[in-house]
file work-v9.txt (compact mmCIF, C-alpha atoms)
# COMPACT_ATOMS: atom_id res chain seq x y z
CA TYR A 16 -47.09 -27.56 47.08
CA LYS A 17 -46.42 -29.85 44.15
CA PRO A 18 -43.80 -28.67 41.66
CA PRO A 19 -44.78 -28.90 37.99
CA SER A 20 -43.66 -32.02 36.20
CA VAL A 21 -40.78 -31.52 33.79
CA GLY A 22 -40.85 -33.93 30.87
CA PRO A 23 -38.44 -34.36 27.94
CA ALA A 24 -40.38 -31.89 25.79
CA ALA A 25 -40.06 -29.16 28.43
CA TRP A 26 -36.31 -29.78 28.76
CA GLU A 27 -35.88 -29.50 24.99
CA GLU A 28 -37.85 -26.25 24.96
CA ALA A 29 -35.72 -24.83 27.78
CA LYS A 30 -32.50 -25.91 26.07
CA ALA A 31 -33.55 -24.26 22.80
CA PHE A 32 -34.34 -21.05 24.70
CA TYR A 33 -30.91 -20.87 26.33
CA ASP A 34 -29.15 -21.88 23.11
CA ASN A 35 -30.70 -18.85 21.45
CA LEU A 36 -29.37 -16.63 24.23
CA SER A 37 -25.78 -17.78 23.77
CA PRO A 38 -23.54 -16.38 21.01
CA LYS A 39 -23.82 -18.08 17.65
CA LYS A 40 -20.98 -20.43 16.94
CA LYS A 41 -18.69 -19.17 14.18
CA PRO A 42 -17.75 -21.50 11.35
CA LYS A 43 -14.42 -23.26 11.54
CA SER A 44 -11.51 -21.68 9.69
CA PRO A 45 -10.20 -23.78 6.77
CA LYS A 46 -6.66 -25.10 6.76
CA PRO A 47 -4.50 -22.62 4.79
CA GLN A 48 -3.31 -25.25 2.33
CA ASN A 49 -6.91 -26.04 1.34
CA ALA A 50 -8.22 -22.48 1.04
CA ILE A 51 -7.81 -19.58 -1.37
CA THR A 52 -6.12 -17.07 0.91
CA ILE A 53 -6.67 -13.36 0.39
CA ALA A 54 -4.38 -11.18 2.53
CA VAL A 55 -5.76 -7.67 3.02
CA SER A 56 -3.96 -4.75 4.65
CA SER A 57 -5.75 -2.87 7.42
CA ARG A 58 -5.72 0.37 5.40
CA ALA A 59 -7.31 -1.45 2.45
CA LEU A 60 -10.06 -2.99 4.60
CA PHE A 61 -10.77 0.12 6.69
CA ARG A 62 -10.51 3.87 6.22
CA MET A 63 -7.63 5.11 8.35
CA GLU A 64 -6.74 8.48 6.82
CA GLU A 65 -7.01 10.38 10.10
CA GLU A 66 -4.88 7.84 11.94
CA GLN A 67 -2.28 7.82 9.16
CA LYS A 68 -2.11 11.63 9.29
CA ILE A 69 -1.36 11.48 13.03
CA TYR A 70 1.35 8.88 12.41
CA ASN A 71 2.98 10.97 9.66
CA GLU A 72 2.83 14.29 11.55
CA GLN A 73 3.19 13.28 15.22
CA GLY A 74 4.96 9.94 15.19
CA VAL A 75 4.29 6.41 16.34
CA GLU A 76 3.68 7.10 20.06
CA ALA A 77 0.96 9.67 19.36
CA TYR A 78 -0.50 7.27 16.81
CA VAL A 79 -0.66 4.34 19.26
CA LYS A 80 -2.14 6.57 21.97
CA TYR A 81 -4.86 7.77 19.58
CA GLN A 82 -5.74 4.19 18.65
CA LEU A 83 -5.94 3.13 22.30
CA ASP A 84 -8.12 6.14 23.14
CA HIS A 85 -10.50 5.27 20.29
CA GLU A 86 -10.34 1.47 20.36
CA ASN A 87 -14.09 1.13 20.99
CA GLU A 88 -14.87 3.15 17.84
CA ALA A 89 -15.14 1.02 14.71
CA PHE A 90 -13.19 2.09 11.65
CA LEU A 91 -15.24 3.06 8.61
CA PRO A 92 -15.24 0.57 5.71
CA GLY A 93 -12.39 0.95 3.23
CA ALA A 94 -11.90 0.11 -0.46
CA ALA A 95 -11.56 -3.66 0.05
CA PHE A 96 -14.52 -3.95 2.44
CA PRO A 97 -17.25 -4.74 -0.16
CA PHE A 98 -14.95 -7.33 -1.78
CA VAL A 99 -14.36 -9.07 1.58
CA LYS A 100 -18.09 -9.06 2.37
CA ALA A 101 -18.79 -10.64 -1.02
CA LEU A 102 -16.15 -13.34 -0.41
CA GLU A 103 -17.84 -14.19 2.88
CA ALA A 104 -21.25 -14.39 1.19
CA VAL A 105 -19.80 -16.95 -1.26
CA ASN A 106 -18.29 -18.92 1.65
CA LYS A 107 -21.69 -19.09 3.34
CA GLN A 108 -23.22 -20.75 0.28
CA LEU A 109 -20.24 -23.08 -0.15
CA ARG A 110 -20.57 -24.25 3.47
CA GLU A 111 -24.26 -25.02 2.88
CA LEU A 112 -23.50 -27.04 -0.26
CA TYR A 113 -20.30 -28.70 1.01
CA PRO A 114 -20.42 -28.80 4.84
CA ASP A 115 -17.19 -30.80 5.17
CA SER A 116 -15.13 -29.02 2.50
CA GLU A 117 -12.35 -26.55 3.29
CA GLU A 118 -12.14 -25.24 -0.28
CA LEU A 119 -13.19 -21.73 0.72
CA PHE A 120 -11.95 -18.17 0.64
CA ASP A 121 -9.89 -17.36 3.73
CA ILE A 122 -9.23 -13.72 4.66
CA VAL A 123 -6.06 -12.72 6.52
CA LEU A 124 -5.60 -9.24 7.95
CA MET A 125 -2.02 -8.28 7.15
CA THR A 126 -0.69 -5.09 8.73
CA ASN A 127 2.53 -3.52 9.94
CA HIS A 128 0.65 -1.95 12.87
CA HIS A 129 1.80 -2.46 16.44
CA ALA A 130 -0.07 -5.19 18.31
CA GLN A 131 -1.48 -2.49 20.65
CA VAL A 132 -3.69 -1.39 17.75
CA GLY A 133 -5.03 -4.92 17.40
CA VAL A 134 -7.90 -4.41 19.84
CA ARG A 135 -9.45 -1.67 17.68
CA LEU A 136 -9.05 -3.81 14.57
CA ILE A 137 -10.69 -6.78 16.32
CA ASN A 138 -13.50 -4.57 17.59
CA SER A 139 -14.07 -3.22 14.09
CA ILE A 140 -14.16 -6.70 12.56
CA ASN A 141 -16.65 -7.86 15.17
CA HIS A 142 -18.71 -4.67 14.72
CA TYR A 143 -19.23 -5.51 11.05
CA ASN A 144 -19.62 -9.23 11.75
CA LEU A 145 -16.70 -10.17 9.52
CA PHE A 146 -15.19 -13.63 9.75
CA ILE A 147 -11.46 -12.83 9.90
CA GLU A 148 -9.65 -15.03 12.38
CA ARG A 149 -6.07 -14.83 11.11
CA PHE A 150 -4.09 -11.65 11.78
CA CYS A 151 -0.49 -10.66 11.12
CA MET A 152 0.59 -7.49 12.98
CA THR A 153 4.29 -6.81 12.48
CA GLY A 154 4.92 -3.74 14.67
CA GLY A 155 6.45 -1.50 12.03
CA ASN A 156 8.21 -4.18 9.99
CA SER A 157 7.09 -5.03 6.48
CA PRO A 158 4.56 -7.90 6.41
CA ILE A 159 5.77 -9.10 3.00
CA ASP A 160 8.06 -11.77 4.45
CA TYR A 161 5.04 -13.38 6.12
CA LEU A 162 2.83 -13.65 3.03
CA LYS A 163 4.18 -17.04 1.90
CA ALA A 164 3.98 -18.41 5.44
CA TYR A 165 0.28 -17.56 5.41
CA HIS A 166 -0.14 -19.38 2.06
CA THR A 167 -1.23 -16.12 0.42
CA ASN A 168 -2.74 -16.36 -3.05
CA LEU A 169 -3.58 -12.66 -3.39
CA TYR A 170 -2.39 -9.61 -1.45
CA LEU A 171 -4.33 -6.33 -1.48
CA SER A 172 -2.82 -3.20 0.01
CA SER A 173 -3.06 0.58 -0.27
CA ASP A 174 0.76 0.75 -0.21
CA CYS A 175 2.18 0.47 -3.74
CA GLU A 176 5.72 -0.25 -2.50
CA LYS A 177 4.58 -3.27 -0.50
CA VAL A 178 2.58 -4.50 -3.49
CA THR A 179 5.67 -4.27 -5.69
CA ASP A 180 7.69 -6.15 -3.06
CA ALA A 181 5.06 -8.90 -2.96
CA ILE A 182 5.07 -9.29 -6.75
CA GLU A 183 8.86 -9.55 -6.70
CA GLU A 184 8.41 -12.42 -4.22
CA GLY A 185 6.16 -14.18 -6.73
CA ILE A 186 2.86 -13.38 -5.00
CA ALA A 187 -0.11 -11.96 -6.90
CA ALA A 188 -0.72 -8.48 -5.49
CA ALA A 189 -2.44 -5.20 -6.30
CA THR A 190 -2.75 -1.67 -4.92
CA ILE A 191 -6.41 -1.01 -4.22
CA PHE A 192 -8.05 2.41 -4.61
CA SER A 193 -11.34 3.84 -3.41
CA PRO A 194 -13.65 5.12 -6.16
CA ASN A 195 -14.30 8.83 -6.63
CA ARG A 196 -17.98 8.26 -5.93
CA ASP A 197 -20.03 5.55 -4.26
CA VAL A 198 -21.83 2.98 -6.41
CA GLN A 199 -23.95 0.19 -4.96
CA VAL A 200 -22.54 -3.30 -5.59
CA SER A 201 -24.29 -6.66 -5.39
CA ASP A 202 -24.85 -8.19 -1.96
CA ASP A 203 -25.40 -11.73 -3.22
CA GLN A 204 -22.98 -12.15 -6.15
CA LEU A 205 -19.20 -11.68 -6.10
CA ARG A 206 -18.19 -9.83 -9.28
CA VAL A 207 -14.51 -9.69 -10.23
CA ALA A 208 -13.24 -7.97 -13.39
CA PHE A 209 -9.75 -8.48 -14.82
CA ASP A 210 -7.67 -6.96 -17.56
CA GLY A 211 -5.90 -9.62 -19.61
CA ASP A 212 -2.32 -8.80 -20.61
CA ALA A 213 0.12 -8.39 -17.68
CA VAL A 214 -2.67 -9.26 -15.23
CA LEU A 215 -3.97 -12.72 -16.07
CA PHE A 216 -1.50 -13.29 -18.91
CA SER A 217 2.18 -12.45 -19.26
CA ASP A 218 3.16 -9.16 -20.88
CA GLU A 219 4.54 -10.97 -23.96
CA SER A 220 2.01 -9.35 -26.29
CA GLU A 221 2.31 -5.89 -24.74
CA GLN A 222 6.05 -6.03 -25.36
CA ILE A 223 5.30 -6.47 -29.06
CA VAL A 224 3.00 -3.44 -29.04
CA LYS A 225 5.55 -1.23 -27.29
CA ALA A 226 8.44 -2.32 -29.49
CA HIS A 227 6.80 -2.71 -32.92
CA GLY A 228 3.31 -1.16 -32.89
CA LEU A 229 -0.24 -2.48 -33.30
CA ASP A 230 0.07 -3.97 -36.80
CA LYS A 231 2.93 -6.21 -35.72
CA PHE A 232 0.96 -7.10 -32.56
CA PHE A 233 -2.09 -8.22 -34.58
CA GLU A 234 0.14 -10.30 -36.86
CA HIS A 235 1.89 -11.85 -33.84
CA GLU A 236 -1.40 -12.78 -32.12
CA GLN A 237 -2.85 -14.42 -35.21
CA THR A 238 0.36 -16.36 -35.81
CA TYR A 239 0.40 -17.66 -32.23
CA GLU A 240 -3.37 -17.93 -31.74
CA ASN A 241 -3.12 -21.58 -30.66
CA LYS A 242 -0.15 -21.05 -28.33
CA PRO A 243 -1.35 -20.18 -24.82
CA LEU A 244 0.09 -17.10 -23.19
CA ALA A 245 2.09 -17.62 -20.02
CA GLN A 246 0.10 -17.38 -16.81
CA VAL A 247 0.83 -14.54 -14.39
CA TRP A 248 -2.26 -14.71 -12.22
CA TRP A 249 -4.89 -17.32 -11.96
CA ILE A 250 -8.54 -16.32 -11.61
CA ILE A 251 -8.88 -16.51 -7.84
CA SER A 252 -12.47 -17.67 -8.00
CA GLY A 253 -12.20 -20.18 -10.86
CA LYS A 254 -11.91 -23.35 -8.79
CA LEU A 255 -14.76 -22.35 -6.51
CA GLN A 256 -17.04 -21.46 -9.42
CA LYS A 257 -16.81 -25.06 -10.61
CA LYS A 258 -18.07 -26.30 -7.24
CA PHE A 259 -21.33 -24.47 -7.91
CA TYR A 260 -21.45 -25.71 -11.51
CA SER A 261 -21.15 -29.32 -10.32
CA LYS A 262 -24.32 -28.81 -8.27
CA GLY A 263 -26.22 -27.59 -11.35
CA LEU A 264 -25.99 -23.94 -10.27
CA ARG A 265 -24.18 -22.40 -13.22
CA LEU A 266 -26.93 -19.82 -13.82
CA GLU A 267 -27.32 -19.14 -10.08
CA CYS A 268 -23.59 -19.09 -9.30
CA PRO A 269 -22.74 -16.39 -6.71
CA ILE A 270 -19.40 -15.75 -8.46
CA ARG A 271 -19.21 -13.94 -11.78
CA THR A 272 -15.99 -13.07 -13.60
CA TYR A 273 -15.33 -10.60 -16.40
CA LEU A 274 -12.42 -10.26 -18.80
CA VAL A 275 -12.29 -6.55 -19.66
CA THR A 276 -9.52 -5.98 -22.19
CA ALA A 277 -8.37 -3.30 -24.60
CA ARG A 278 -7.74 -6.05 -27.17
CA SER A 279 -9.80 -6.22 -30.36
CA ALA A 280 -11.98 -9.32 -30.62
CA ALA A 281 -11.47 -10.18 -34.30
CA SER A 282 -7.73 -9.52 -34.49
CA SER A 283 -6.46 -10.68 -31.08
CA GLY A 284 -9.38 -11.99 -29.00
CA ALA A 285 -9.17 -15.65 -29.92
CA ARG A 286 -5.75 -16.15 -28.33
CA ALA A 287 -6.96 -14.68 -25.02
CA LEU A 288 -9.98 -16.98 -24.85
CA LYS A 289 -8.03 -20.06 -25.96
CA THR A 290 -5.39 -19.30 -23.32
CA LEU A 291 -7.99 -19.34 -20.53
CA ARG A 292 -9.47 -22.54 -21.94
CA SER A 293 -6.02 -24.19 -21.95
CA TRP A 294 -5.73 -23.41 -18.22
CA GLY A 295 -9.07 -25.06 -17.52
CA LEU A 296 -10.55 -21.70 -16.52
CA GLU A 297 -13.68 -19.93 -17.64
CA THR A 298 -14.73 -16.32 -17.59
CA ASP A 299 -18.44 -15.57 -17.61
CA GLU A 300 -18.15 -12.49 -19.79
CA ALA A 301 -15.41 -11.40 -22.20
CA LEU A 302 -15.50 -7.75 -23.18
CA PHE A 303 -13.14 -6.65 -25.97
CA LEU A 304 -12.99 -2.86 -26.18
CA ALA A 305 -10.48 -2.30 -29.01
CA GLY A 306 -8.84 0.52 -27.08
CA ALA A 307 -12.03 2.23 -25.88
CA PRO A 308 -12.23 3.48 -22.26
CA LYS A 309 -13.12 0.81 -19.70
CA GLY A 310 -14.78 3.07 -17.11
CA PRO A 311 -18.28 3.33 -18.67
CA LEU A 312 -18.49 -0.44 -19.13
CA LEU A 313 -17.32 -1.11 -15.57
CA GLU A 314 -19.99 1.27 -14.33
CA LYS A 315 -22.57 -1.13 -15.80
CA ILE A 316 -20.87 -4.25 -14.43
CA ARG A 317 -20.40 -2.82 -10.92
CA PRO A 318 -17.66 -5.26 -9.89
CA HIS A 319 -16.47 -5.55 -6.30
CA ILE A 320 -12.96 -5.13 -7.68
CA PHE A 321 -11.32 -4.51 -11.07
CA PHE A 322 -7.65 -5.38 -11.74
CA ASP A 323 -5.55 -3.61 -14.38
CA ASP A 324 -1.84 -3.04 -14.98
CA GLN A 325 -2.24 0.49 -16.36
CA MET A 326 -3.05 3.43 -14.10
CA PHE A 327 -4.85 5.12 -16.98
CA HIS A 328 -7.55 2.45 -16.82
CA VAL A 329 -7.52 2.38 -13.00
CA GLU A 330 -8.14 6.14 -12.89
CA GLY A 331 -10.90 5.85 -15.47
CA ALA A 332 -12.58 3.13 -13.43
CA LYS A 333 -12.34 5.17 -10.22
CA GLU A 334 -13.99 8.16 -11.90
CA MET A 335 -17.01 5.99 -12.78
CA GLY A 336 -17.39 4.65 -9.24
CA THR A 337 -15.52 1.33 -9.56
CA ILE A 338 -13.21 -0.04 -6.86
CA ALA A 339 -10.04 -0.57 -8.87
CA ALA A 340 -6.70 -2.23 -8.13
CA HIS A 341 -3.41 -1.58 -9.91
CA VAL A 342 -1.15 -4.53 -10.73
CA PRO A 343 2.39 -3.09 -11.13
CA TYR A 344 3.67 -5.80 -13.45
CA GLY A 345 5.05 -5.93 -16.95
CA VAL A 346 6.44 -3.66 -19.64
CA ALA A 347 3.84 -0.92 -19.02
CA GLN A 348 5.47 -0.21 -15.64
CA LYS A 349 8.88 0.30 -17.25
CA HIS A 350 7.42 2.83 -19.69
CA ARG A 351 5.54 4.55 -16.88
CA ARG A 352 8.67 4.87 -14.74
CA THR A 353 10.65 6.20 -17.73
CA ALA A 354 7.99 8.83 -18.43
CA GLN A 355 7.97 9.90 -14.80
CA GLY A 356 11.75 10.11 -14.75
CA THR A 357 11.85 12.49 -17.73
CA LYS A 358 9.48 15.03 -16.17
CA ALA A 359 10.92 18.41 -15.25
CA PRO A 360 11.70 18.65 -11.53
CA ASN A 361 9.19 20.44 -9.33
CA ASN A 362 10.99 23.29 -7.59
CA LYS A 363 8.01 24.48 -5.59
call {"tool": "encode", "arguments": {"input": "work-v9.txt", "output": "structure tokens"}}
result
Amino acid sequence: YKPPSVGPAAWEEAKAFYDNLSPKKKPKSPKPQNAITIAVSSRALFRMEEEQKIYNEQGVEAYVKYQLDHENEAFLPGAAFPFVKALEAVNKQLRELYPDSEELFDIVLMTNHHAQVGVRLINSINHYNLFIERFCMTGGNSPIDYLKAYHTNLYLSSDCEKVTDAIEEGIAAATIFSPNRDVQVSDDQLRVAFDGDAVLFSDESEQIVKAHGLDKFFEHEQTYENKPLAQVWWIISGKLQKKFYSKGLRLECPIRTYLVTARSAASSGARALKTLRSWGLETDEALFLAGAPKGPLLEKIRPHIFFDDQMFHVEGAKEMGTIAAHVPYGVAQKHRRTAQGTKAPNNK
């Protein structure tokens, strides 16, 4: 018996065969200081209504037991899930264009769950093939104190109190809501829509409206047209958009941003656009609605997420199938709290 000869070509073929059998190597996580870090709560990323009901009605021990008993069952996708998937799709293209760059989106799962629940969260992330390597599980304590340590640029949660705490710590944050009906969003282009005042910009102009009315507001905006508004948020995708532009991919850019504002274009639009320009930021589309409802327009845009400081617009967006996030910042919140405080008590 003479064994078959094994040459270099055969070895290469065998190696390729076994390489295909082994798990695919995941990309390397960027250093936090180089990335744009999005911290997402577990209840924003996944649907956990049933689990939360058990926690509220039966307590923490019953809750942990339920999670352990079901840890091989993946959670259903939550409100932030399409947004996270779109961020990862952008990262994939950035890695192809800039293999050695760490200027990427980095997702952190931020939760006050007990570490015992971590296995189900990990199983769910692997089930959906998400690339989330950094976790923060605080065992019942608020995760807010950890946000700065994780270099968080944006925090998304379904808990409005934690969002308010994060904003008070100087971190951009929003309470995310599921839409009232499902609408298909793009798989290959991240679409982010923002309100302007008290979201991207300070609430300076809204204070004028509340105190003196629209006519005084229009006069104020025209007087200060060339004075940029103060920056509250920065467009989280702006820096990464430019990396595609520098490769000649402006028209094929997988990130698209929208300014969706109740401002009027002729009377107060110029200051908004000049403010963004002064920051070195661009928005792909600027939509001035002059007080008209935003929901129907957002239905056409189909963003992965829409940020607004007024719940009226958030509710309108939800009704039209848009994933919306409330930014509890600025003078509108003070008026909202005052209105709520003057309501007659519910004695039921």
call {"tool": "atom_distance", "arguments": {"input": "work-v9.txt", "atom1": "CA of Leu83 (chain A)", "atom2": "CA of Val132 (chain A)"}}
result
6.8 Å
call {"tool": "residues_around", "arguments": {"input": "work-v9.txt", "residues": "region 261-278 of chain A", "least_positions_apart": "2", "cutoff": "6 Å", "atoms": "only C-alpha atoms", "output": "list of chain:residue names"}}
result
A:Gln204, A:Leu205, A:Arg206, A:Val207, A:Ala208, A:Phe209, A:Asp210, A:Gly211, A:Lys258, A:Phe259, A:Thr298, A:Asp299, A:Glu300, A:Ala301, A:Leu302, A:Phe303, A:Leu304, A:Ala305, A:Gly306
call {"tool": "atom_distance", "arguments": {"input": "work-v9.txt", "atom1": "CA of Met63 (chain A)", "atom2": "CA of Pro92 (chain A)"}}
result
9.2 Å
call {"tool": "residues_around", "arguments": {"input": "work-v9.txt", "residues": "Ile186 (chain A)", "least_positions_apart": "6", "cutoff": "10 Å", "atoms": "all atoms listed in the file", "output": "short mmCIF file (atom, residue, chain, number, x, y, z; two decimals) with C-alpha atoms, in the frame of the given file"}}
result
data_model
loop_
_atom_site.label_atom_id
_atom_site.label_comp_id
_atom_site.auth_asym_id
_atom_site.auth_seq_id
_atom_site.Cartn_x
_atom_site.Cartn_y
_atom_site.Cartn_z
CA ILE A 159 5.77 -9.10 3.00
CA LEU A 162 2.83 -13.65 3.03
CA LYS A 163 4.18 -17.04 1.90
CA HIS A 166 -0.14 -19.38 2.06
CA THR A 167 -1.23 -16.12 0.42
CA ASN A 168 -2.74 -16.36 -3.05
CA LEU A 169 -3.58 -12.66 -3.39
CA TYR A 170 -2.39 -9.61 -1.45
CA VAL A 178 2.58 -4.50 -3.49
CA THR A 179 5.67 -4.27 -5.69
CA ASP A 180 7.69 -6.15 -3.06
CA VAL A 247 0.83 -14.54 -14.39
CA TRP A 248 -2.26 -14.71 -12.22
#
call {"tool": "atom_distance", "arguments": {"input": "work-v9.txt", "atom1": "CA of Glu314 (chain A)", "atom2": "CA of Ser172 (chain A)"}}
result
22.8 Å
call {"tool": "closest_residue", "arguments": {"input": "work-v9.txt", "among": "A:Asp197, A:Thr126, A:Asp160, A:Phe96", "to": "Glu184 (chain A)", "atoms": "only C-alpha atoms"}}
result
A:Asp160
call {"tool": "closest_residue", "arguments": {"input": "work-v9.txt", "among": "A:Glu236, A:Glu111, A:Asp218, A:Asp230", "to": "Ala287 (chain A)", "atoms": "all atoms listed in the file"}}
result
A:Glu236
call {"tool": "axis_aligned_box", "arguments": {"input": "work-v9.txt", "around": "region 157-163 of chain A", "padding_each_side": "3 Å", "output": "JSON"}}
result
{"center_x": 5.4, "center_y": -11.0, "center_z": 4.2, "size_x": 11.2, "size_y": 18.0, "size_z": 10.6}
call {"tool": "closest_residue", "arguments": {"input": "work-v9.txt", "among": "A:Lys231, A:Val342, A:Leu109, A:Val329", "to": "Phe216 (chain A)", "atoms": "all atoms listed in the file"}}
result
A:Val342
call {"tool": "closest_residue", "arguments": {"input": "work-v9.txt", "among": "A:Pro158, A:Pro47, A:Gly253, A:Pro243", "to": "Leu171 (chain A)", "atoms": "all atoms listed in the file"}}
result
A:Pro158
call {"tool": "residues_around", "arguments": {"input": "work-v9.txt", "residues": "Leu124 (chain A)", "least_positions_apart": "3", "cutoff": "7 Å", "atoms": "all atoms listed in the file", "output": "ChimeraX atom specification"}}
result
/A:54-57,149-151
call {"tool": "closest_residue", "arguments": {"input": "work-v9.txt", "among": "A:Gln73, A:Gln67, A:Ser173, A:Ser116", "to": "Gly93 (chain A)", "atoms": "only C-alpha atoms"}}
result
A:Ser173
call {"tool": "residues_around", "arguments": {"input": "work-v9.txt", "residues": "Tyr70 (chain A)", "least_positions_apart": "6", "cutoff": "12 Å", "atoms": "only C-alpha atoms", "output": "list in words"}}
result
Met63, Glu64, Glu76, Ala77, Tyr78, Val79, Lys80, Tyr81, Gln82, His128 and Gly155 of chain A
call {"tool": "closest_residue", "arguments": {"input": "work-v9.txt", "among": "A:Phe120, A:Gln325, A:Glu86, A:Phe146", "to": "Gly133 (chain A)", "atoms": "only C-alpha atoms"}}
result
A:Glu86
call {"tool": "residues_around", "arguments": {"input": "work-v9.txt", "residues": "Thr337 (chain A)", "least_positions_apart": "3", "cutoff": "6 Å", "atoms": "all atoms listed in the file", "output": "list in words"}}
result
Pro194, Ala332 and Lys333 of chain A
call {"tool": "build_atoms", "arguments": {"input": "work-v9.txt", "residues": "region 162-179 of chain A", "atoms": "N, CA and C atoms", "output": "PDB file, in the coordinates of the input"}}
result
ATOM      1  N   LEU A 162       3.909 -13.290   3.955  1.00  0.00           N
ATOM      2  CA  LEU A 162       2.830 -13.650   3.030  1.00  0.00           C
ATOM      3  C   LEU A 162       2.882 -15.125   2.633  1.00  0.00           C
ATOM      4  N   LYS A 163       4.082 -15.633   2.309  1.00  0.00           N
ATOM      5  CA  LYS A 163       4.180 -17.040   1.900  1.00  0.00           C
ATOM      6  C   LYS A 163       3.871 -17.976   3.071  1.00  0.00           C
ATOM      7  N   ALA A 164       4.264 -17.578   4.273  1.00  0.00           N
ATOM      8  CA  ALA A 164       3.980 -18.410   5.440  1.00  0.00           C
ATOM      9  C   ALA A 164       2.482 -18.535   5.690  1.00  0.00           C
ATOM     10  N   TYR A 165       1.744 -17.529   5.280  1.00  0.00           N
ATOM     11  CA  TYR A 165       0.280 -17.560   5.410  1.00  0.00           C
ATOM     12  C   TYR A 165      -0.396 -18.171   4.188  1.00  0.00           C
ATOM     13  N   HIS A 166       0.386 -18.736   3.276  1.00  0.00           N
ATOM     14  CA  HIS A 166      -0.140 -19.380   2.060  1.00  0.00           C
ATOM     15  C   HIS A 166      -0.959 -18.396   1.217  1.00  0.00           C
ATOM     16  N   THR A 167      -0.473 -17.169   1.096  1.00  0.00           N
ATOM     17  CA  THR A 167      -1.230 -16.120   0.420  1.00  0.00           C
ATOM     18  C   THR A 167      -1.303 -16.356  -1.081  1.00  0.00           C
ATOM     19  N   ASN A 168      -2.527 -16.296  -1.609  1.00  0.00           N
ATOM     20  CA  ASN A 168      -2.740 -16.360  -3.050  1.00  0.00           C
ATOM     21  C   ASN A 168      -2.897 -14.987  -3.677  1.00  0.00           C
ATOM     22  N   LEU A 169      -3.403 -14.020  -2.906  1.00  0.00           N
ATOM     23  CA  LEU A 169      -3.580 -12.660  -3.390  1.00  0.00           C
ATOM     24  C   LEU A 169      -3.394 -11.704  -2.222  1.00  0.00           C
ATOM     25  N   TYR A 170      -2.643 -10.624  -2.474  1.00  0.00           N
ATOM     26  CA  TYR A 170      -2.390  -9.610  -1.450  1.00  0.00           C
ATOM     27  C   TYR A 170      -2.921  -8.275  -1.945  1.00  0.00           C
ATOM     28  N   LEU A 171      -3.785  -7.645  -1.160  1.00  0.00           N
ATOM     29  CA  LEU A 171      -4.330  -6.330  -1.480  1.00  0.00           C
ATOM     30  C   LEU A 171      -3.866  -5.330  -0.437  1.00  0.00           C
ATOM     31  N   SER A 172      -3.328  -4.213  -0.902  1.00  0.00           N
ATOM     32  CA  SER A 172      -2.820  -3.200   0.010  1.00  0.00           C
ATOM     33  C   SER A 172      -3.039  -1.827  -0.606  1.00  0.00           C
ATOM     34  N   SER A 173      -3.016  -0.796   0.235  1.00  0.00           N
ATOM     35  CA  SER A 173      -3.060   0.580  -0.270  1.00  0.00           C
ATOM     36  C   SER A 173      -1.649   1.135  -0.439  1.00  0.00           C
ATOM     37  N   ASP A 174      -0.640   0.340  -0.139  1.00  0.00           N
ATOM     38  CA  ASP A 174       0.760   0.750  -0.210  1.00  0.00           C
ATOM     39  C   ASP A 174       1.399   0.141  -1.462  1.00  0.00           C
ATOM     40  N   CYS A 175       1.682   0.987  -2.463  1.00  0.00           N
ATOM     41  CA  CYS A 175       2.180   0.470  -3.740  1.00  0.00           C
ATOM     42  C   CYS A 175       3.571  -0.156  -3.607  1.00  0.00           C
ATOM     43  N   GLU A 176       4.383   0.326  -2.670  1.00  0.00           N
ATOM     44  CA  GLU A 176       5.720  -0.250  -2.500  1.00  0.00           C
ATOM     45  C   GLU A 176       5.631  -1.681  -1.967  1.00  0.00           C
ATOM     46  N   LYS A 177       4.735  -1.907  -1.026  1.00  0.00           N
ATOM     47  CA  LYS A 177       4.580  -3.270  -0.500  1.00  0.00           C
ATOM     48  C   LYS A 177       4.027  -4.206  -1.566  1.00  0.00           C
ATOM     49  N   VAL A 178       3.135  -3.693  -2.392  1.00  0.00           N
ATOM     50  CA  VAL A 178       2.580  -4.500  -3.490  1.00  0.00           C
ATOM     51  C   VAL A 178       3.688  -4.907  -4.451  1.00  0.00           C
ATOM     52  N   THR A 179       4.543  -3.961  -4.804  1.00  0.00           N
ATOM     53  CA  THR A 179       5.670  -4.270  -5.690  1.00  0.00           C
ATOM     54  C   THR A 179       6.591  -5.312  -5.059  1.00  0.00           C
TER      55      THR A 179
END
